[in-house]
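Student: Structure file my_file.txt (compact mmCIF, C-alpha atoms and all ligand atoms) right here:
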# COMPACT_ATOMS: atom_id res chain seq x y z
CA MET A 1 -27.11 -5.88 23.60
CA ILE A 2 -28.75 -7.30 20.51
CA LEU A 3 -29.96 -4.48 18.29
CA PRO A 4 -32.63 -4.60 15.57
CA ILE A 5 -31.18 -4.95 12.07
CA TYR A 6 -32.22 -2.37 9.50
CA VAL A 7 -33.56 -4.08 6.41
CA TYR A 8 -33.70 -3.20 2.71
CA GLY A 9 -35.81 -0.10 2.16
CA GLN A 10 -34.48 1.79 5.20
CA GLN A 11 -32.89 5.12 4.34
CA VAL A 12 -29.89 4.70 6.67
CA LEU A 13 -28.62 1.85 4.47
CA ARG A 14 -28.37 4.31 1.57
CA GLU A 15 -26.48 7.07 3.33
CA ILE A 16 -22.77 7.84 3.17
CA ALA A 17 -21.68 7.00 6.71
CA LYS A 18 -19.71 9.56 8.70
CA PRO A 19 -16.08 9.13 9.87
CA VAL A 20 -15.78 8.27 13.55
CA ASP A 21 -13.62 9.80 16.25
CA PRO A 22 -11.86 6.62 17.49
CA ASN A 23 -12.15 7.99 21.03
CA MET A 24 -15.87 8.68 20.68
CA GLU A 25 -17.79 7.90 23.84
CA GLY A 26 -19.81 4.74 23.41
CA LEU A 27 -17.78 3.37 20.51
CA ASP A 28 -16.74 0.21 22.39
CA THR A 29 -20.36 -0.38 23.37
CA LEU A 30 -21.40 0.03 19.75
CA LEU A 31 -18.71 -2.46 18.64
CA ASN A 32 -19.84 -4.98 21.28
CA ASP A 33 -23.50 -4.52 20.37
CA MET A 34 -22.76 -4.89 16.65
CA TYR A 35 -20.81 -8.07 17.33
CA GLU A 36 -23.56 -9.56 19.46
CA THR A 37 -26.20 -8.59 16.89
CA MET A 38 -24.19 -10.17 14.07
CA LYS A 39 -23.62 -13.42 15.97
CA ASN A 40 -27.26 -13.66 17.02
CA ALA A 41 -28.26 -13.45 13.35
CA ASP A 42 -25.56 -15.96 12.23
CA GLY A 43 -23.82 -13.28 10.18
CA VAL A 44 -20.12 -13.13 9.24
CA GLY A 45 -20.02 -9.36 8.97
CA ILE A 46 -21.89 -6.25 9.97
CA ALA A 47 -21.62 -2.53 9.34
CA ALA A 48 -22.87 0.22 11.67
CA PRO A 49 -25.58 1.45 9.25
CA GLN A 50 -27.16 -2.01 9.58
CA VAL A 51 -27.94 -1.18 13.20
CA GLY A 52 -29.10 2.30 12.28
CA LYS A 53 -25.84 4.16 12.97
CA SER A 54 -24.49 6.08 10.01
CA LEU A 55 -20.85 5.68 11.10
CA ARG A 56 -17.79 4.23 9.36
CA VAL A 57 -17.41 1.10 11.48
CA VAL A 58 -17.55 -2.55 10.37
CA ILE A 59 -16.86 -5.97 11.82
CA VAL A 60 -15.99 -9.13 9.89
CA ASP A 61 -15.70 -12.52 11.56
CA GLY A 62 -15.19 -15.67 9.53
CA THR A 63 -14.19 -17.90 12.43
CA ASP A 64 -17.57 -19.67 12.47
CA ILE A 65 -17.23 -20.74 8.83
CA ALA A 66 -13.54 -21.70 9.06
CA GLU A 67 -14.52 -25.34 8.61
CA ASP A 68 -15.53 -24.53 5.03
CA TYR A 69 -12.90 -21.82 4.53
CA PRO A 70 -9.75 -22.80 6.51
CA GLU A 71 -8.11 -19.48 5.56
CA LEU A 72 -10.64 -17.78 7.89
CA LYS A 73 -9.45 -19.60 11.04
CA ASP A 74 -8.34 -16.39 12.78
CA PHE A 75 -10.18 -13.95 10.57
CA LYS A 76 -11.88 -11.48 12.83
CA ARG A 77 -11.43 -7.75 12.36
CA TYR A 78 -12.93 -4.62 13.85
CA MET A 79 -12.44 -1.72 11.46
CA ILE A 80 -12.91 1.94 12.31
CA ASN A 81 -12.74 4.41 9.39
CA PRO A 82 -11.55 1.78 6.88
CA GLU A 83 -10.26 3.08 3.59
CA ILE A 84 -9.43 1.09 0.46
CA LEU A 85 -5.94 2.09 -0.72
CA GLU A 86 -5.59 -0.34 -3.62
CA GLU A 87 -7.68 -2.89 -5.43
CA SER A 88 -6.59 -5.49 -7.97
CA GLU A 89 -7.69 -5.41 -11.57
CA GLU A 90 -8.21 -9.13 -11.33
CA THR A 91 -11.72 -9.95 -10.17
CA SER A 92 -13.48 -12.96 -8.72
CA GLU A 93 -17.08 -14.00 -8.28
CA TYR A 94 -18.67 -15.19 -5.03
CA SER A 95 -22.21 -15.71 -3.86
CA GLU A 96 -23.13 -13.07 -1.29
CA GLY A 97 -25.90 -12.54 1.22
CA CYS A 98 -26.60 -9.82 3.74
CA LEU A 99 -28.39 -9.52 7.08
CA SER A 100 -30.14 -6.43 5.69
CA VAL A 101 -31.32 -8.34 2.61
CA PRO A 102 -32.52 -11.61 4.15
CA ASP A 103 -33.19 -14.74 2.11
CA ILE A 104 -31.49 -13.49 -1.05
CA ASN A 105 -28.14 -14.71 -2.37
CA CYS A 106 -26.50 -13.58 -5.60
CA ASN A 107 -23.15 -13.87 -7.29
CA VAL A 108 -21.23 -10.61 -7.25
CA ILE A 109 -18.01 -9.76 -9.11
CA ARG A 110 -15.44 -7.74 -7.17
CA PRO A 111 -11.67 -7.20 -7.13
CA SER A 112 -9.78 -10.31 -5.94
CA ARG A 113 -7.37 -8.42 -3.68
CA ILE A 114 -7.51 -5.12 -1.82
CA LYS A 115 -5.31 -3.13 0.51
CA VAL A 116 -7.11 -1.37 3.36
CA ARG A 117 -6.06 1.07 6.07
CA TYR A 118 -8.15 1.18 9.22
CA ILE A 119 -8.10 1.68 12.98
CA ASN A 120 -8.62 -1.54 14.94
CA GLU A 121 -10.45 -2.04 18.24
CA LYS A 122 -7.21 -1.31 20.14
CA ARG A 123 -7.11 2.05 18.31
CA GLN A 124 -4.01 1.05 16.33
CA GLU A 125 -3.67 2.06 12.70
CA VAL A 126 -3.35 -1.02 10.50
CA THR A 127 -2.66 -1.42 6.79
CA GLU A 128 -3.59 -4.88 5.59
CA GLU A 129 -3.96 -6.75 2.32
CA PHE A 130 -6.86 -9.10 1.84
CA SER A 131 -7.51 -11.87 -0.65
CA GLY A 132 -9.86 -14.82 -0.97
CA PHE A 133 -13.09 -15.02 0.97
CA GLY A 134 -11.94 -12.57 3.63
CA CYS A 135 -11.38 -9.95 0.94
CA ARG A 136 -14.92 -10.54 -0.22
CA MET A 137 -16.32 -10.08 3.28
CA VAL A 138 -14.42 -6.83 3.81
CA GLN A 139 -15.54 -5.35 0.47
CA HIS A 140 -19.15 -6.26 1.16
CA GLU A 141 -19.07 -4.51 4.55
CA LEU A 142 -17.19 -1.45 3.28
CA ASP A 143 -19.86 -1.07 0.60
CA HIS A 144 -22.40 -0.52 3.38
CA LEU A 145 -20.50 2.59 4.48
CA ASP A 146 -21.14 4.20 1.10
CA GLY A 147 -24.80 3.29 0.91
CA HIS A 148 -24.32 0.31 -1.43
CA LEU A 149 -25.94 -3.10 -1.08
CA PHE A 150 -24.74 -6.23 -2.88
CA VAL A 151 -28.00 -6.44 -4.84
CA ASP A 152 -27.02 -3.15 -6.54
CA ARG A 153 -24.05 -4.97 -8.07
CA VAL A 154 -25.76 -7.95 -9.68
CA SER A 155 -26.64 -8.30 -13.34
CA GLN A 156 -29.78 -6.62 -14.62
CA ILE A 157 -31.39 -9.97 -15.37
CA ARG A 158 -30.69 -11.26 -11.89
CA ARG A 159 -31.96 -8.00 -10.45
CA LYS A 160 -35.24 -8.48 -12.29
CA LEU A 161 -35.52 -12.02 -10.97
CA ILE A 162 -35.16 -10.90 -7.35
CA GLY A 163 -37.40 -7.83 -7.80
CA GLY A 164 -40.39 -9.51 -6.19
CA LYS A 165 -38.39 -10.64 -3.17
CA LEU A 166 -36.94 -7.14 -2.72
CA ARG A 167 -40.41 -5.63 -2.78
CA LYS A 168 -41.47 -8.08 -0.08
CA LEU A 169 -38.56 -6.92 2.06
CA GLU A 170 -39.48 -3.28 1.47
CA THR A 171 -43.06 -3.86 2.49
CA ARG A 172 -42.00 -6.10 5.40
CA ASN A 173 -43.94 -8.98 3.91
CA PHE A 174 -41.60 -11.71 5.22
CA HIS A 175 -40.68 -13.57 8.39
CA PRO A 176 -37.24 -12.60 9.66
CA ARG A 177 -35.23 -14.95 11.91
CA TYR A 178 -34.03 -11.98 13.95
CA LYS A 179 -35.26 -8.64 15.21
CA ILE A 180 -35.51 -6.09 12.39
CA LYS A 181 -36.33 -2.44 11.88
NI NI A 201 -24.39 -6.75 4.20
Written as structure tokens, how would this file's structure read?

Tutor:
Amino acid sequence: MILPIYVYGQQVLREIAKPVDPNMEGLDTLLNDMYETMKNADGVGIAAPQVGKSLRVVIVDGTDIAEDYPELKDFKRYMINPEILEESEETSEYSEGCLSVPDINCNVIRPSRIKVRYINEKRQEVTEEFSGFGCRMVQHELDHLDGHLFVDRVSQIRRKLIGGKLRKLETRNFHPRYKIK
């Protein structure tokens, strides 16, 4: 089922999401709904707070953009209770966007490599290292679980420049391509 996406200004996007019991009733339905919602909006990642659920669950799927980023050919992960174990001192800069912050893209600096432990959709514990664009996608989604949005991480000047657009999102003065809340 396609769910409405919570947009900038909604409180749930600012909350610290709660850990999930991997055997929670309805978790598979939530994962399926999140996936469908992400695909419908042409997203490459989604976190549960973006569909109004303050739970530590994210999905990343780069397979649709593998033409531009060949490293993402098989890059699709469901992550329950993900936890960053290590992050590199080395950083890199990528342009980011977000389904909850439509029509805004900004460069964000983040660690180049991270190591993450999570439970996958088969309920197996996985420890995995990420680099490149996939690493960027994972960090962006994990940020959502701690109430952070990518626009919080841009330079002050850039932030000022997008201030008007953010206010339009807050006041719902825009035309989304997908169902929002
Ligand atoms: Ni996002």

Student: Hey, which of A:Gln50, A:Ser100, A:Asn105, A:Gln124 ends up closest to Arg158 (chain A)? Count only C-alpha atoms.

Tutor: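 Looking only at the distances to Arg158 (chain A), the closest residue turns out to be A:Asn105.
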
Student: Can you tell me which residues surround Asp61 (chain A) at a distance of at most 6 Å, considering only C-alpha atoms, apart from same-chain residues fewer than 6 positions away, and format the answer as a list of chain:residue names?

Tutor: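 In the requested form, the answer reads A:Val44, A:Gly45, A:Phe75, A:Lys76.
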
Student: Please measure the separation of CA of Leu30 (chain A) and CA of Leu145 (chain A), giving the value in Å to one decimal.

Tutor: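 Calculated distance between CA of Leu30 (chain A) and CA of Leu145 (chain A) is 15.5 Å.
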
Student: Can you check which parts of chain A lie within 8 Å of ligand NI 201 (chain A)? Per residue, the shortest pair of atoms and distance in Å to one decimal, counting only C-alpha atoms and all ligand atoms, sorted by chain and number, as a Markdown table.

Tutor:
| residue | atom | partner | partner_atom | distance |
| --- | --- | --- | --- | --- |
| A:Gly45 | CA | A:NI201 | NI | 7.0 |
| A:Ile46 | CA | A:NI201 | NI | 6.3 |
| A:Ala47 | CA | A:NI201 | NI | 7.2 |
| A:Gln50 | CA | A:NI201 | NI | 7.7 |
| A:Gly97 | CA | A:NI201 | NI | 6.7 |
| A:Cys98 | CA | A:NI201 | NI | 3.8 |
| A:Leu99 | CA | A:NI201 | NI | 5.7 |
| A:Ser100 | CA | A:NI201 | NI | 5.9 |
| A:Val101 | CA | A:NI201 | NI | 7.3 |
| A:His140 | CA | A:NI201 | NI | 6.1 |
| A:Glu141 | CA | A:NI201 | NI | 5.8 |
| A:His144 | CA | A:NI201 | NI | 6.6 |
| A:Leu149 | CA | A:NI201 | NI | 6.6 |
| A:Phe150 | CA | A:NI201 | NI | 7.1 |

Student: Please report, as a tab-separated table, each residue of region 15-43 of chain A lying at most 12 Å from region 168-178 of chain A, together with the nearest pair of atoms and the separation in Å rounded to one decimal; use all atoms listed in the file, and order rows by chain and ascending residue number.

Tutor:
residue	atom	partner	partner_atom	distance
A:Thr37	CA	A:Tyr178	CA	9.0
A:Met38	CA	A:Tyr178	CA	10.0
A:Lys39	CA	A:Tyr178	CA	10.7
A:Asn40	CA	A:Tyr178	CA	7.6
A:Ala41	CA	A:Tyr178	CA	6.0
A:Asp42	CA	A:Tyr178	CA	9.5
A:Gly43	CA	A:Tyr178	CA	11.0

Student: Please report the interatomic distance between CA of Lys181 (chain A) and CA of Val12 (chain A) in Å with one decimal.

Tutor: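 These two atoms are separated by 10.9 Å.
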
Student: Looking at all atoms listed in the file, which of A:Glu125, A:Asp74, A:Glu87, A:Asp28 is the one that sits closest to Gln139 (chain A)?

Tutor: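 Comparing A:Glu125, A:Asp74, A:Glu87, A:Asp28 against Gln139 (chain A), the winner is A:Glu87.
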
Student: Name the closest residue to Met34 (chain A) among the candidates A:Gly147, A:Pro111, A:Pro19, A:Gly52; distances are taken between atoms, counting only C-alpha atoms.

Tutor: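 When distances to Met34 (chain A) are compared using only C-alpha atoms, the smallest one comes from A:Gly52.
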
Student: Any idea what the distance is between CA of Leu161 (chain A) and CA of Cys106 (chain A)?

Tutor: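 Computing the Euclidean distance for CA of Leu161 (chain A) and CA of Cys106 (chain A) yields 10.6 Å.
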
Student: Would you mind putting back N, CA, C and O atoms on region 136-159 of chain A, then writing it out as an mmCIF file, keeping the file's coordinate frame?

Tutor:
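Produced file part.cif, reproduced below:
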data_model
loop_
_atom_site.group_PDB
_atom_site.id
_atom_site.type_symbol
_atom_site.label_atom_id
_atom_site.label_comp_id
_atom_site.auth_asym_id
_atom_site.auth_seq_id
_atom_site.Cartn_x
_atom_site.Cartn_y
_atom_site.Cartn_z
ATOM 1 N N ARG A 136 -13.518 -10.684 0.167
ATOM 2 C CA ARG A 136 -14.920 -10.540 -0.220
ATOM 3 C C ARG A 136 -15.761 -9.985 0.919
ATOM 4 O O ARG A 136 -16.562 -9.063 0.764
ATOM 5 N N MET A 137 -15.547 -10.533 2.116
ATOM 6 C CA MET A 137 -16.320 -10.080 3.280
ATOM 7 C C MET A 137 -16.047 -8.602 3.574
ATOM 8 O O MET A 137 -16.973 -7.830 3.843
ATOM 9 N N VAL A 138 -14.778 -8.222 3.510
ATOM 10 C CA VAL A 138 -14.420 -6.830 3.810
ATOM 11 C C VAL A 138 -15.053 -5.888 2.782
ATOM 12 O O VAL A 138 -15.646 -4.856 3.142
ATOM 13 N N GLN A 139 -14.980 -6.235 1.503
ATOM 14 C CA GLN A 139 -15.540 -5.350 0.470
ATOM 15 C C GLN A 139 -17.056 -5.208 0.628
ATOM 16 O O GLN A 139 -17.612 -4.121 0.447
ATOM 17 N N HIS A 140 -17.702 -6.307 0.963
ATOM 18 C CA HIS A 140 -19.150 -6.260 1.160
ATOM 19 C C HIS A 140 -19.501 -5.284 2.294
ATOM 20 O O HIS A 140 -20.390 -4.437 2.155
ATOM 21 N N GLU A 141 -18.767 -5.383 3.399
ATOM 22 C CA GLU A 141 -19.070 -4.510 4.550
ATOM 23 C C GLU A 141 -18.716 -3.056 4.247
ATOM 24 O O GLU A 141 -19.461 -2.150 4.612
ATOM 25 N N LEU A 142 -17.582 -2.826 3.592
ATOM 26 C CA LEU A 142 -17.190 -1.450 3.280
ATOM 27 C C LEU A 142 -18.209 -0.793 2.346
ATOM 28 O O LEU A 142 -18.472 0.410 2.442
ATOM 29 N N ASP A 143 -18.799 -1.565 1.472
ATOM 30 C CA ASP A 143 -19.860 -1.070 0.600
ATOM 31 C C ASP A 143 -20.991 -0.421 1.408
ATOM 32 O O ASP A 143 -21.545 0.602 1.009
ATOM 33 N N HIS A 144 -21.313 -1.045 2.536
ATOM 34 C CA HIS A 144 -22.400 -0.520 3.380
ATOM 35 C C HIS A 144 -22.127 0.914 3.818
ATOM 36 O O HIS A 144 -23.053 1.689 4.038
ATOM 37 N N LEU A 145 -20.839 1.257 3.977
ATOM 38 C CA LEU A 145 -20.500 2.590 4.480
ATOM 39 C C LEU A 145 -20.729 3.666 3.426
ATOM 40 O O LEU A 145 -20.770 4.856 3.732
ATOM 41 N N ASP A 146 -20.870 3.246 2.175
ATOM 42 C CA ASP A 146 -21.140 4.200 1.100
ATOM 43 C C ASP A 146 -22.548 4.053 0.539
ATOM 44 O O ASP A 146 -22.843 4.511 -0.563
ATOM 45 N N GLY A 147 -23.394 3.388 1.304
ATOM 46 C CA GLY A 147 -24.800 3.290 0.910
ATOM 47 C C GLY A 147 -25.079 2.247 -0.170
ATOM 48 O O GLY A 147 -26.150 2.276 -0.784
ATOM 49 N N HIS A 148 -24.131 1.333 -0.404
ATOM 50 C CA HIS A 148 -24.320 0.310 -1.430
ATOM 51 C C HIS A 148 -24.701 -1.032 -0.807
ATOM 52 O O HIS A 148 -24.159 -1.421 0.229
ATOM 53 N N LEU A 149 -25.584 -1.740 -1.477
ATOM 54 C CA LEU A 149 -25.940 -3.100 -1.080
ATOM 55 C C LEU A 149 -25.529 -4.050 -2.199
ATOM 56 O O LEU A 149 -25.466 -3.647 -3.366
ATOM 57 N N PHE A 150 -25.268 -5.310 -1.853
ATOM 58 C CA PHE A 150 -24.740 -6.230 -2.880
ATOM 59 C C PHE A 150 -25.713 -6.417 -4.040
ATOM 60 O O PHE A 150 -25.299 -6.662 -5.168
ATOM 61 N N VAL A 151 -27.019 -6.257 -3.755
ATOM 62 C CA VAL A 151 -28.000 -6.440 -4.840
ATOM 63 C C VAL A 151 -27.909 -5.326 -5.882
ATOM 64 O O VAL A 151 -28.440 -5.471 -6.987
ATOM 65 N N ASP A 152 -27.235 -4.220 -5.546
ATOM 66 C CA ASP A 152 -27.020 -3.150 -6.540
ATOM 67 C C ASP A 152 -25.999 -3.596 -7.578
ATOM 68 O O ASP A 152 -25.893 -2.995 -8.644
ATOM 69 N N ARG A 153 -25.202 -4.608 -7.226
ATOM 70 C CA ARG A 153 -24.050 -4.970 -8.070
ATOM 71 C C ARG A 153 -24.276 -6.237 -8.886
ATOM 72 O O ARG A 153 -23.337 -6.782 -9.452
ATOM 73 N N VAL A 154 -25.487 -6.731 -8.910
ATOM 74 C CA VAL A 154 -25.760 -7.950 -9.680
ATOM 75 C C VAL A 154 -26.234 -7.581 -11.077
ATOM 76 O O VAL A 154 -26.590 -6.426 -11.344
ATOM 77 N N SER A 155 -26.245 -8.559 -11.952
ATOM 78 C CA SER A 155 -26.640 -8.300 -13.340
ATOM 79 C C SER A 155 -28.099 -7.851 -13.399
ATOM 80 O O SER A 155 -28.889 -8.121 -12.491
ATOM 81 N N GLN A 156 -28.434 -7.166 -14.484
ATOM 82 C CA GLN A 156 -29.780 -6.620 -14.620
ATOM 83 C C GLN A 156 -30.840 -7.744 -14.648
ATOM 84 O O GLN A 156 -31.919 -7.597 -14.091
ATOM 85 N N ILE A 157 -30.461 -8.843 -15.284
ATOM 86 C CA ILE A 157 -31.390 -9.970 -15.370
ATOM 87 C C ILE A 157 -31.662 -10.535 -13.987
ATOM 88 O O ILE A 157 -32.803 -10.755 -13.591
ATOM 89 N N ARG A 158 -30.580 -10.731 -13.240
ATOM 90 C CA ARG A 158 -30.690 -11.260 -11.890
ATOM 91 C C ARG A 158 -31.520 -10.310 -11.013
ATOM 92 O O ARG A 158 -32.353 -10.710 -10.227
ATOM 93 N N ARG A 159 -31.275 -9.040 -11.204
ATOM 94 C CA ARG A 159 -31.960 -8.000 -10.450
ATOM 95 C C ARG A 159 -33.479 -8.091 -10.683
ATOM 96 O O ARG A 159 -34.286 -7.941 -9.778
#
